[in-house]
$ cat entry38.csv   # CSV, C-alpha atoms
chain,number,residue,atom,x,y,z
A,1,ILE,CA,20.1,24.0,-5.5
A,2,GLY,CA,17.0,23.5,-3.4
A,3,ALA,CA,16.2,27.2,-3.3
A,4,ALA,CA,16.6,27.6,-7.1
A,5,ASN,CA,14.5,24.5,-7.7
A,6,ASN,CA,11.7,25.7,-5.4
A,7,LEU,CA,11.8,29.3,-6.7
A,8,LEU,CA,11.0,27.8,-10.2
A,9,ALA,CA,8.1,25.8,-8.7
A,10,ALA,CA,6.7,28.9,-6.9
A,11,MET,CA,6.9,31.0,-10.1
A,12,LEU,CA,5.2,28.2,-12.0
A,13,ASP,CA,2.3,28.0,-9.6
A,14,ASN,CA,2.1,31.8,-9.2
A,15,HIS,CA,1.8,32.1,-13.0
A,16,ILE,CA,-1.2,29.7,-13.0
A,17,PHE,CA,-2.8,31.6,-10.1
A,18,GLN,CA,-2.4,35.0,-11.8
A,19,GLY,CA,-4.3,33.9,-14.8
A,20,ASN,CA,-2.2,31.3,-16.7
A,21,ALA,CA,-1.4,33.3,-19.8
A,22,LEU,CA,0.7,30.5,-21.1
A,23,GLN,CA,-2.2,28.1,-20.9
A,24,ILE,CA,-0.4,25.5,-18.7
A,25,ASP,CA,-2.2,22.3,-18.2
A,26,SER,CA,-2.1,21.7,-14.4
A,27,ARG,CA,-2.4,18.0,-15.0
A,28,ARG,CA,0.8,18.0,-17.1
A,29,ILE,CA,3.2,19.8,-14.8
A,30,VAL,CA,6.5,17.8,-14.7
A,31,TRP,CA,8.5,20.1,-12.3
A,32,LYS,CA,8.5,19.0,-8.7
A,33,ARG,CA,9.6,20.7,-5.5
A,34,ALA,CA,12.8,19.7,-3.7
A,35,VAL,CA,13.6,18.9,-0.1
A,36,ASP,CA,17.1,17.8,1.2
A,37,MET,CA,15.7,14.8,2.9
A,38,ASN,CA,14.7,11.3,1.7
A,39,ASP,CA,11.1,11.7,2.9
A,40,ARG,CA,8.9,9.3,0.9
A,41,GLN,CA,5.8,10.7,2.5
A,42,LEU,CA,6.3,13.8,0.3
A,43,ARG,CA,6.9,12.1,-3.1
A,44,TYR,CA,3.3,12.6,-4.1
A,45,VAL,CA,1.2,15.3,-2.5
A,46,THR,CA,-1.8,17.5,-3.2
A,47,ASP,CA,-1.3,21.2,-2.6
A,48,GLY,CA,-2.8,24.6,-3.2
A,49,LEU,CA,-5.6,23.8,-0.7
A,50,GLY,CA,-7.3,26.3,1.6
A,51,GLY,CA,-9.4,28.5,-0.6
A,52,ARG,CA,-8.9,30.8,-3.6
A,53,VAL,CA,-6.2,33.0,-2.2
A,54,ASN,CA,-3.9,30.0,-1.4
A,55,GLY,CA,-3.3,28.8,-4.9
A,56,VAL,CA,-4.8,26.4,-7.4
A,57,PRO,CA,-5.2,22.9,-6.0
A,58,ARG,CA,-3.2,20.3,-8.0
A,59,GLU,CA,-1.2,17.1,-7.6
A,60,ASP,CA,2.4,17.8,-6.8
A,61,GLY,CA,5.5,16.1,-5.3
A,62,PHE,CA,9.0,16.5,-3.9
A,63,ASP,CA,12.3,15.1,-5.1
A,64,ILE,CA,15.4,14.8,-3.0
A,65,THR,CA,17.5,17.9,-3.8
A,66,VAL,CA,20.4,16.1,-5.4
A,67,ALA,CA,17.9,14.6,-7.9
A,68,SER,CA,16.8,18.0,-9.1
A,69,GLU,CA,17.5,18.9,-12.7
A,70,VAL,CA,19.1,22.1,-11.4
A,71,MET,CA,21.9,20.0,-9.9
A,72,ALA,CA,22.6,18.3,-13.2
A,73,VAL,CA,22.5,21.7,-15.0
A,74,LEU,CA,24.9,23.3,-12.5
A,75,CYS,CA,27.4,20.5,-13.0
A,76,LEU,CA,27.4,20.7,-16.8
A,77,SER,CA,27.6,24.5,-17.0
A,78,LYS,CA,30.9,26.1,-17.9
A,79,ASP,CA,30.1,29.6,-16.6
A,80,ILE,CA,27.3,31.8,-15.3
A,81,ASP,CA,26.0,32.7,-18.8
A,82,ASP,CA,25.9,29.0,-19.8
A,83,LEU,CA,24.2,28.2,-16.5
A,84,LYS,CA,21.5,30.8,-17.2
A,85,ALA,CA,21.0,29.5,-20.7
A,86,ARG,CA,20.7,25.9,-19.5
A,87,LEU,CA,18.3,26.9,-16.7
A,88,ALA,CA,16.1,28.7,-19.3
A,89,ARG,CA,15.7,25.4,-21.3
A,90,ILE,CA,14.3,23.4,-18.4
A,91,ILE,CA,10.9,22.0,-19.3
A,92,VAL,CA,8.5,22.5,-16.4
A,93,ALA,CA,5.0,21.7,-17.9
A,94,TYR,CA,3.0,21.3,-21.1
A,95,THR,CA,0.0,23.1,-22.4
A,96,ARG,CA,-3.3,21.4,-23.2
A,97,ASP,CA,-2.1,21.1,-26.8
A,98,GLU,CA,1.1,19.5,-25.6
A,99,ARG,CA,3.4,22.4,-26.2
A,100,PRO,CA,6.4,22.5,-23.7
A,101,ILE,CA,6.7,25.3,-21.2
A,102,THR,CA,10.2,26.2,-20.0
A,103,ALA,CA,11.7,28.1,-17.2
A,104,GLY,CA,12.6,30.7,-19.8
A,105,ASP,CA,8.9,31.1,-20.7
A,106,LEU,CA,8.3,32.0,-17.0
A,107,LYS,CA,11.4,34.3,-17.1
A,108,ALA,CA,12.8,32.4,-14.1
A,109,GLN,CA,16.3,31.8,-15.2
A,110,GLY,CA,17.8,35.1,-14.1
A,111,ALA,CA,16.6,34.8,-10.5
A,112,MET,CA,17.6,31.1,-10.4
A,113,ALA,CA,21.1,32.0,-11.6
A,114,ALA,CA,21.4,34.7,-8.9
A,115,LEU,CA,20.7,32.1,-6.2
A,116,LEU,CA,23.3,29.8,-7.8
A,117,LYS,CA,26.1,32.3,-8.4
A,118,ASP,CA,28.1,31.2,-5.4
A,119,ALA,CA,27.1,27.5,-5.7
A,120,LEU,CA,28.8,27.6,-9.2
A,121,LYS,CA,32.2,28.0,-7.5
A,122,PRO,CA,34.0,24.7,-6.6
A,123,ASN,CA,34.9,24.0,-3.0
A,124,LEU,CA,38.6,23.5,-2.2
A,125,VAL,CA,39.4,21.0,0.6
A,126,GLN,CA,42.4,18.8,1.3
A,127,THR,CA,43.3,15.2,2.2
A,128,LEU,CA,45.0,14.1,5.4
A,129,GLU,CA,48.3,14.5,3.5
A,130,HIS,CA,47.4,18.0,2.3
A,131,THR,CA,46.7,17.1,-1.3
A,132,PRO,CA,44.2,19.6,-2.7
A,133,ALA,CA,40.8,18.3,-3.7
A,134,LEU,CA,37.9,20.1,-5.4
A,135,ILE,CA,34.5,18.8,-4.2
A,136,HIS,CA,31.7,20.2,-6.3
A,137,GLY,CA,28.3,18.8,-7.3
A,138,GLY,CA,26.5,15.6,-6.8
A,139,PRO,CA,23.9,14.7,-9.5
A,140,PHE,CA,22.2,11.4,-8.9
A,141,ALA,CA,23.6,8.7,-11.2
A,142,ASN,CA,20.3,6.9,-11.6
A,143,ILE,CA,18.6,10.0,-13.2
A,144,ALA,CA,21.5,12.2,-14.2
A,145,HIS,CA,25.2,11.9,-15.2
A,146,GLY,CA,26.5,11.2,-11.7
A,147,CYS,CA,29.8,13.0,-11.7
A,148,ASN,CA,31.2,16.2,-10.4
A,149,SER,CA,31.1,19.6,-12.2
A,150,VAL,CA,32.7,20.6,-15.4
A,151,THR,CA,33.8,23.8,-13.7
A,152,ALA,CA,35.7,21.9,-11.0
A,153,THR,CA,37.5,19.6,-13.5
A,154,ARG,CA,38.5,22.4,-15.7
A,155,MET,CA,39.8,24.5,-12.7
A,156,ALA,CA,41.8,21.5,-11.5
A,157,LEU,CA,43.4,21.0,-14.9
A,158,LYS,CA,44.8,24.6,-14.6
A,159,LEU,CA,46.2,24.0,-11.2
A,160,GLY,CA,47.8,20.6,-11.3
A,161,ASP,CA,49.8,18.3,-13.6
A,162,TYR,CA,47.7,15.2,-13.0
A,163,ILE,CA,44.0,15.3,-12.2
A,164,ILE,CA,42.1,12.4,-10.8
A,165,THR,CA,38.3,12.7,-11.1
A,166,GLU,CA,35.7,10.2,-9.8
A,167,ALA,CA,33.7,9.3,-12.9
A,168,GLY,CA,30.8,7.5,-11.1
A,169,PHE,CA,30.2,3.9,-10.1
A,170,GLY,CA,31.3,1.2,-12.5
A,171,ALA,CA,32.7,1.2,-16.0
A,172,ASP,CA,29.2,0.6,-17.3
A,173,LEU,CA,26.9,3.0,-15.6
A,174,GLY,CA,29.4,5.5,-14.3
A,175,ALA,CA,32.1,5.7,-16.9
A,176,GLU,CA,29.6,5.4,-19.8
A,177,LYS,CA,27.8,8.5,-18.6
A,178,PHE,CA,31.0,10.4,-17.7
A,179,LEU,CA,32.4,9.8,-21.2
A,180,ASP,CA,29.2,9.9,-23.3
A,181,ILE,CA,27.7,12.9,-21.5
A,182,LYS,CA,30.2,15.0,-19.5
A,183,CYS,CA,33.2,14.5,-21.8
A,184,ARG,CA,31.1,14.9,-25.0
A,185,MET,CA,29.4,18.1,-23.8
A,186,SER,CA,32.5,19.7,-22.2
A,187,GLY,CA,35.2,18.7,-24.7
A,188,LEU,CA,37.2,17.0,-21.9
A,189,ARG,CA,39.3,14.0,-22.9
A,190,PRO,CA,40.8,11.7,-20.2
A,191,SER,CA,44.3,10.4,-20.7
A,192,ALA,CA,43.8,7.2,-18.7
A,193,VAL,CA,41.3,5.3,-16.6
A,194,VAL,CA,41.7,3.6,-13.2
A,195,ILE,CA,39.3,0.7,-12.7
A,196,VAL,CA,38.9,0.0,-9.0
A,197,ALA,CA,38.1,-3.6,-7.8
A,198,THR,CA,38.4,-5.7,-4.7
A,199,VAL,CA,39.1,-9.4,-4.2
A,200,ARG,CA,36.1,-9.7,-1.9
A,201,ALA,CA,33.7,-8.2,-4.4
A,202,LEU,CA,34.9,-10.5,-7.2
A,203,LYS,CA,34.5,-13.6,-4.9
A,204,HIS,CA,31.0,-12.4,-4.0
A,205,HIS,CA,30.2,-12.2,-7.8
A,206,GLY,CA,31.5,-15.8,-7.9
A,207,GLY,CA,28.8,-16.9,-5.4
A,208,VAL,CA,30.6,-16.7,-2.0
A,209,ALA,CA,28.4,-15.6,0.9
A,210,LYS,CA,29.4,-12.3,2.6
A,211,ALA,CA,30.4,-14.2,5.8
A,212,ASP,CA,32.9,-16.3,3.9
A,213,LEU,CA,34.6,-13.6,1.8
A,214,GLY,CA,37.7,-13.6,4.1
A,215,ASN,CA,38.6,-17.2,3.1
A,216,GLU,CA,40.7,-17.9,0.0
A,217,ASP,CA,38.6,-19.2,-2.8
A,218,LEU,CA,40.3,-19.2,-6.2
A,219,THR,CA,37.4,-21.0,-7.9
A,220,ALA,CA,34.8,-18.4,-6.9
A,221,LEU,CA,37.3,-15.6,-7.7
A,222,GLU,CA,37.7,-17.0,-11.2
A,223,ALA,CA,33.9,-17.3,-11.6
A,224,GLY,CA,33.5,-13.6,-10.6
A,225,LEU,CA,36.4,-12.2,-12.7
A,226,PRO,CA,34.4,-11.9,-16.0
A,227,ASN,CA,32.6,-9.0,-14.3
A,228,LEU,CA,35.8,-7.1,-13.9
A,229,LEU,CA,37.2,-8.1,-17.3
A,230,GLN,CA,34.0,-6.8,-19.0
A,231,HIS,CA,34.5,-3.5,-17.3
A,232,VAL,CA,38.1,-3.5,-18.5
A,233,GLU,CA,37.0,-4.3,-22.1
A,234,ASN,CA,34.4,-1.5,-22.0
A,235,ILE,CA,37.1,1.0,-21.3
A,236,THR,CA,40.0,-0.3,-23.5
A,237,LYS,CA,38.1,-1.7,-26.5
A,238,GLY,CA,34.8,0.1,-26.2
A,239,PHE,CA,36.0,3.6,-25.5
A,240,GLY,CA,39.6,3.3,-26.7
A,241,LEU,CA,41.3,4.5,-23.5
A,242,PRO,CA,44.3,3.0,-21.7
A,243,ALA,CA,43.5,1.5,-18.2
A,244,VAL,CA,45.0,0.1,-15.1
A,245,VAL,CA,43.1,-2.1,-12.5
A,246,ALA,CA,43.6,-0.9,-8.9
A,247,ILE,CA,43.0,-3.5,-6.3
A,248,ASN,CA,41.9,-2.1,-3.0
A,249,ARG,CA,43.8,-4.6,-0.8
A,250,PHE,CA,42.1,-6.1,2.3
A,251,PRO,CA,44.2,-8.0,5.0
A,252,THR,CA,42.5,-11.2,4.0
A,253,ASP,CA,43.5,-11.1,0.4
A,254,THR,CA,46.0,-13.9,-0.4
A,255,GLU,CA,48.9,-13.8,-2.8
A,256,ALA,CA,47.3,-16.5,-5.0
A,257,GLU,CA,44.1,-14.5,-5.4
A,258,LEU,CA,46.0,-11.3,-6.3
A,259,GLN,CA,48.1,-13.3,-8.8
A,260,LEU,CA,45.1,-14.7,-10.5
A,261,ILE,CA,43.6,-11.3,-11.0
A,262,GLU,CA,46.9,-10.0,-12.4
A,263,GLU,CA,47.2,-12.9,-14.9
A,264,LYS,CA,43.6,-12.4,-16.2
A,265,CYS,CA,44.0,-8.7,-16.6
A,266,LYS,CA,47.4,-9.0,-18.3
A,267,ALA,CA,45.8,-11.3,-20.8
A,268,LEU,CA,43.8,-8.2,-21.9
A,269,GLY,CA,46.9,-6.0,-21.9
A,270,VAL,CA,46.1,-4.2,-18.7
A,271,ASN,CA,48.3,-4.0,-15.6
A,272,VAL,CA,47.2,-4.4,-12.0
A,273,ALA,CA,48.5,-2.2,-9.2
A,274,LEU,CA,47.7,-2.7,-5.5
A,275,SER,CA,46.2,0.2,-3.5
A,276,GLU,CA,46.9,0.2,0.2
A,277,VAL,CA,46.1,3.8,0.9
A,278,TRP,CA,43.6,2.9,3.7
A,279,ALA,CA,46.6,1.6,5.7
A,280,LYS,CA,49.6,3.5,4.4
A,281,GLY,CA,48.3,6.7,3.0
A,282,GLY,CA,49.8,8.0,-0.2
A,283,GLU,CA,52.8,5.7,0.2
A,284,GLY,CA,50.4,2.8,-0.3
A,285,ALA,CA,49.6,3.8,-3.9
A,286,VAL,CA,53.0,4.8,-5.3
A,287,LYS,CA,53.1,1.9,-7.8
A,288,LEU,CA,49.5,2.7,-8.9
A,289,ALA,CA,50.5,6.4,-9.4
A,290,GLU,CA,53.5,5.4,-11.4
A,291,GLU,CA,51.4,3.2,-13.7
A,292,VAL,CA,48.9,6.1,-14.1
A,293,VAL,CA,51.7,8.5,-15.1
A,294,ARG,CA,53.0,5.9,-17.6
A,295,LEU,CA,49.6,5.4,-19.1
A,296,CYS,CA,49.1,9.2,-19.5
A,297,GLU,CA,52.0,9.1,-21.9
A,298,GLU,CA,50.4,6.4,-24.0
A,299,PRO,CA,48.2,7.3,-27.0
A,300,SER,CA,44.5,7.4,-26.3
A,301,ASN,CA,41.7,7.6,-28.7
A,302,LEU,CA,38.4,8.3,-27.0
A,303,GLN,CA,35.5,6.9,-29.1
A,304,PHE,CA,32.0,7.5,-27.9
A,305,CYS,CA,29.4,4.7,-27.6
A,306,TYR,CA,27.0,6.3,-30.1
A,307,GLU,CA,26.9,9.3,-32.5
A,308,GLU,CA,25.1,12.5,-31.5
A,309,ASN,CA,22.8,12.3,-34.6
A,310,ASP,CA,21.7,8.7,-33.9
A,311,PRO,CA,17.9,8.4,-33.1
A,312,ILE,CA,17.1,7.9,-29.4
A,313,GLU,CA,16.2,4.2,-29.8
A,314,GLU,CA,19.5,3.6,-31.7
A,315,LYS,CA,21.5,5.3,-28.9
A,316,LEU,CA,19.8,3.0,-26.4
A,317,ARG,CA,20.5,0.0,-28.5
A,318,LYS,CA,24.2,0.8,-28.8
A,319,ILE,CA,24.5,1.3,-25.0
A,320,VAL,CA,22.8,-2.0,-24.4
A,321,GLN,CA,24.8,-3.9,-26.9
A,322,LYS,CA,28.3,-2.3,-26.4
A,323,ILE,CA,28.3,-1.7,-22.7
A,324,TYR,CA,25.8,-4.1,-21.1
A,325,ARG,CA,26.3,-6.8,-23.8
A,326,GLY,CA,22.5,-7.2,-24.2
A,327,ILE,CA,21.0,-8.6,-27.4
A,328,ASP,CA,18.7,-5.6,-28.2
A,329,VAL,CA,16.5,-3.0,-26.6
A,330,GLU,CA,12.7,-3.2,-26.6
A,331,LEU,CA,10.7,-0.1,-26.0
A,332,THR,CA,7.2,-0.2,-24.5
A,333,PRO,CA,4.6,1.7,-26.5
A,334,ALA,CA,4.7,4.5,-23.9
A,335,ALA,CA,8.5,4.8,-24.2
A,336,LYS,CA,8.3,4.8,-28.1
A,337,LYS,CA,5.8,7.7,-27.9
A,338,GLN,CA,8.0,9.6,-25.5
A,339,ALA,CA,11.1,9.1,-27.6
A,340,ALA,CA,9.2,10.3,-30.7
A,341,GLN,CA,8.0,13.3,-28.7
A,342,PHE,CA,11.5,14.2,-27.6
A,343,GLU,CA,12.8,14.0,-31.2
A,344,ALA,CA,9.9,16.1,-32.4
A,345,MET,CA,10.9,18.7,-29.8
A,346,GLY,CA,14.4,18.8,-31.2
A,347,PHE,CA,16.1,16.8,-28.4
A,348,GLY,CA,17.1,13.8,-30.6
A,349,GLY,CA,20.7,15.1,-30.9
A,350,LEU,CA,21.4,15.2,-27.1
A,351,PRO,CA,23.4,12.5,-25.2
A,352,ILE,CA,21.3,10.0,-23.4
$ encode --input "entry38.csv" --output "structure tokens"
Amino acid sequence: IGAANNLLAAMLDNHIFQGNALQIDSRRIVWKRAVDMNDRQLRYVTDGLGGRVNGVPREDGFDITVASEVMAVLCLSKDIDDLKARLARIIVAYTRDERPITAGDLKAQGAMAALLKDALKPNLVQTLEHTPALIHGGPFANIAHGCNSVTATRMALKLGDYIITEAGFGADLGAEKFLDIKCRMSGLRPSAVVIVATVRALKHHGGVAKADLGNEDLTALEAGLPNLLQHVENITKGFGLPAVVAINRFPTDTEAELQLIEEKCKALGVNVALSEVWAKGGEGAVKLAEEVVRLCEEPSNLQFCYEENDPIEEKLRKIVQKIYRGIDVELTPAAKKQAAQFEAMGFGGLPI
């Protein structure tokens, strides 16, 4: 990922150095270099110094490698040809008259794909109990879709009867992106959803200090439960998918606390299953697995949060209102201008 990212950066700067036939505005380069280290000192740099033969001086910067757009592209690509086509569409800069310049304009996609031909293959590992697992891709969830590759998921579906995939953190940020971006673009349709929670986290949401989370506190637990219940509603009512709540059990959890969670979830038509895999391995999640198998036989009707042809601002509004339960979205003038620019460039129909 890092090599492909930096190859594109090098080809961009070399094009400018060799005469800049594409008329790239060096003040409007949006492609950064990548380094596999969280080094804030390199976020904003000036390079191309040292005289005429050493490049054209300009402001530049580094992203951490997993935040590279190349990572997101790799994880959404279905094969090497699709990867090459997606790489070609990456926007790296703009001209002085605000025309976008892509990796395809620089003819970089072929060389980038050659560097990524082995990275496109999922990695097979195993759990302590010898269950196969495919580990592949890690796009940052705060700037990309935050879930593993389409290739790994599709490969797993051909090799097993039931496939569990981590869909990101939370049923607002993680699941929304998994469903509205990865599932929409790949055609994948999940049969059921497992929402993971802990008693400790729910009590913390209810105002209990970290040092006191080991003590039974039903009042705080009930105050924190709306957080979990909203995640449940996001999945069942918002996206139309059957769900089970998995409680990662801690030794300090009491029966009264577990019972309260179960009652509140059942009121929404969702079962609760304890997960004790940290202590008992696979044996500690048999009931959870049985509930997942049962749910997979239930009808599911995935409905996306927004329509593809909705304007960008409307897509944002629907996410805010349906998932985060906000009243509305208010774009700053700069954001409105950027949204209008994206729509004018033909990107209005993309997931957000």
$ residues_near_point --input "entry38.csv" --point "(-5.7, 19.0, -6.3)" --cutoff "10 Å" --atoms "all atoms listed in the file" --output "PyMOL selection string"
chain A and resi 26-27+45-49+56-60
$ closest_residue --input "entry38.csv" --among "A:Leu179, A:Leu258, A:Val194, A:Val53" --to "A:Asp217" --atoms "all atoms listed in the file"
A:Leu258
$ atom_distance --input "entry38.csv" --atom1 "atom CA of A:Thr252" --atom2 "atom CA of A:Val270"
24.0 Å
$ residues_around --input "entry38.csv" --residues "A:Lys264" --least-positions-apart "6" --cutoff "10 Å" --atoms "all atoms listed in the file" --output "PDB file with C-alpha atoms, in the coordinates of the input"
ATOM      1  CA  GLU A 222      37.700 -17.000 -11.200  1.00  0.00           C
ATOM      2  CA  LEU A 225      36.400 -12.200 -12.700  1.00  0.00           C
ATOM      3  CA  PRO A 226      34.400 -11.900 -16.000  1.00  0.00           C
ATOM      4  CA  LEU A 228      35.800  -7.100 -13.900  1.00  0.00           C
ATOM      5  CA  LEU A 229      37.200  -8.100 -17.300  1.00  0.00           C
ATOM      6  CA  VAL A 270      46.100  -4.200 -18.700  1.00  0.00           C
ATOM      7  CA  ASN A 271      48.300  -4.000 -15.600  1.00  0.00           C
ATOM      8  CA  VAL A 272      47.200  -4.400 -12.000  1.00  0.00           C
TER       9      VAL A 272
END
$ closest_atom_pairs --input "entry38.csv" --of "stretch 237-298 of chain A" --to "stretch 187-190 of chain A" --cutoff "12 Å" --atoms "all atoms listed in the file" --output "CSV"
residue,atom,partner,partner_atom,distance
A:Phe239,CA,A:Pro190,CA,10.8
A:Gly240,CA,A:Pro190,CA,10.7
A:Leu241,CA,A:Pro190,CA,7.9
A:Pro242,CA,A:Pro190,CA,9.5
A:Ala243,CA,A:Pro190,CA,10.7
A:Val292,CA,A:Pro190,CA,11.6
A:Leu295,CA,A:Pro190,CA,10.9
A:Cys296,CA,A:Pro190,CA,8.7
A:Glu297,CA,A:Pro190,CA,11.6
A:Glu298,CA,A:Pro190,CA,11.6
$ write_last_selection --input "entry38.csv" --atoms "C-alpha atoms" --output "mmCIF file, in the coordinates of the input"
data_model
loop_
_atom_site.group_PDB
_atom_site.id
_atom_site.type_symbol
_atom_site.label_atom_id
_atom_site.label_comp_id
_atom_site.auth_asym_id
_atom_site.auth_seq_id
_atom_site.Cartn_x
_atom_site.Cartn_y
_atom_site.Cartn_z
ATOM 1 C CA PHE A 239 36.000 3.600 -25.500
ATOM 2 C CA GLY A 240 39.600 3.300 -26.700
ATOM 3 C CA LEU A 241 41.300 4.500 -23.500
ATOM 4 C CA PRO A 242 44.300 3.000 -21.700
ATOM 5 C CA ALA A 243 43.500 1.500 -18.200
ATOM 6 C CA VAL A 292 48.900 6.100 -14.100
ATOM 7 C CA LEU A 295 49.600 5.400 -19.100
ATOM 8 C CA CYS A 296 49.100 9.200 -19.500
ATOM 9 C CA GLU A 297 52.000 9.100 -21.900
ATOM 10 C CA GLU A 298 50.400 6.400 -24.000
#
$ atom_distance --input "entry38.csv" --atom1 "atom CA of A:Asn14" --atom2 "atom CA of A:Ala108"
11.8 Å
$ residues_near_point --input "entry38.csv" --point "(19.5, 14.0, -11.7)" --cutoff "9 Å" --atoms "all atoms listed in the file" --output "MDAnalysis selection string"
chainID A and resid 66:73 138:146
$ atom_distance --input "entry38.csv" --atom1 "atom CA of A:Ile24" --atom2 "atom CA of A:Asn54"
18.2 Å
$ closest_residue --input "entry38.csv" --among "A:Ile164, A:Ala3, A:Leu83, A:Ile16" --to "A:Thr131" --atoms "all atoms listed in the file"
A:Ile164
$ closest_residue --input "entry38.csv" --among "A:Leu134, A:Thr95, A:Phe178, A:Asp82" --to "A:Leu157" --atoms "only C-alpha atoms"
A:Leu134
$ closest_residue --input "entry38.csv" --among "A:Glu176, A:Asp63, A:Glu255, A:Glu290" --to "A:Gly238" --atoms "only C-alpha atoms"
A:Glu176
$ closest_residue --input "entry38.csv" --among "A:Arg154, A:His130, A:Arg249, A:His231" --to "A:Gly174" --atoms "only C-alpha atoms"
A:His231
$ closest_residue --input "entry38.csv" --among "A:Thr332, A:Gly281, A:Leu221, A:Gln230" --to "A:Ala256" --atoms "only C-alpha atoms"
A:Leu221
$ decode --input "entry38.csv" --residues "stretch 305-310 of chain A" --atoms "all heavy atoms" --output "tab-separated table (two decimals), in the first residue's frame"
chain	number	residue	atom	x	y	z
A	305	CYS	N	-29.68	3.46	4.03
A	305	CYS	CA	-30.04	4.69	4.75
A	305	CYS	C	-30.47	5.79	3.78
A	305	CYS	O	-31.28	6.63	4.12
A	305	CYS	CB	-28.84	5.13	5.58
A	305	CYS	SG	-29.15	6.56	6.62
A	306	TYR	N	-29.93	5.76	2.58
A	306	TYR	CA	-30.25	6.81	1.60
A	306	TYR	C	-30.21	6.19	0.21
A	306	TYR	O	-29.70	5.07	0.00
A	306	TYR	CB	-29.24	7.96	1.68
A	306	TYR	CG	-27.79	7.51	1.66
A	306	TYR	CD1	-27.14	7.20	0.47
A	306	TYR	CD2	-27.07	7.37	2.84
A	306	TYR	CE1	-25.84	6.77	0.44
A	306	TYR	CE2	-25.76	6.94	2.84
A	306	TYR	CZ	-25.15	6.64	1.64
A	306	TYR	OH	-23.83	6.20	1.62
A	307	GLU	N	-30.74	6.90	-0.77
A	307	GLU	CA	-30.72	6.44	-2.15
A	307	GLU	C	-29.47	6.95	-2.85
A	307	GLU	O	-28.96	8.03	-2.53
A	307	GLU	CB	-31.97	6.94	-2.90
A	307	GLU	CG	-33.28	6.46	-2.29
A	307	GLU	CD	-33.40	4.95	-2.30
A	307	GLU	OE1	-32.93	4.33	-3.27
A	307	GLU	OE2	-33.97	4.40	-1.34
A	308	GLU	N	-28.99	6.19	-3.83
A	308	GLU	CA	-27.77	6.58	-4.54
A	308	GLU	C	-27.91	7.93	-5.23
A	308	GLU	O	-26.95	8.70	-5.31
A	308	GLU	CB	-27.42	5.51	-5.59
A	308	GLU	CG	-26.62	4.36	-5.03
A	308	GLU	CD	-26.12	3.43	-6.12
A	308	GLU	OE1	-26.49	3.65	-7.30
A	308	GLU	OE2	-25.37	2.49	-5.80
A	309	ASN	N	-29.10	8.22	-5.75
A	309	ASN	CA	-29.27	9.46	-6.51
A	309	ASN	C	-29.65	10.66	-5.64
A	309	ASN	O	-29.93	11.74	-6.16
A	309	ASN	CB	-30.30	9.26	-7.63
A	309	ASN	CG	-31.65	8.77	-7.09
A	309	ASN	OD1	-31.81	8.60	-5.89
A	309	ASN	ND2	-32.60	8.58	-8.00
A	310	ASP	N	-29.69	10.47	-4.32
A	310	ASP	CA	-29.92	11.62	-3.44
A	310	ASP	C	-28.75	12.60	-3.57
A	310	ASP	O	-27.60	12.18	-3.69
A	310	ASP	CB	-30.02	11.18	-1.97
A	310	ASP	CG	-31.34	10.50	-1.65
A	310	ASP	OD1	-32.30	10.69	-2.40
A	310	ASP	OD2	-31.40	9.79	-0.62
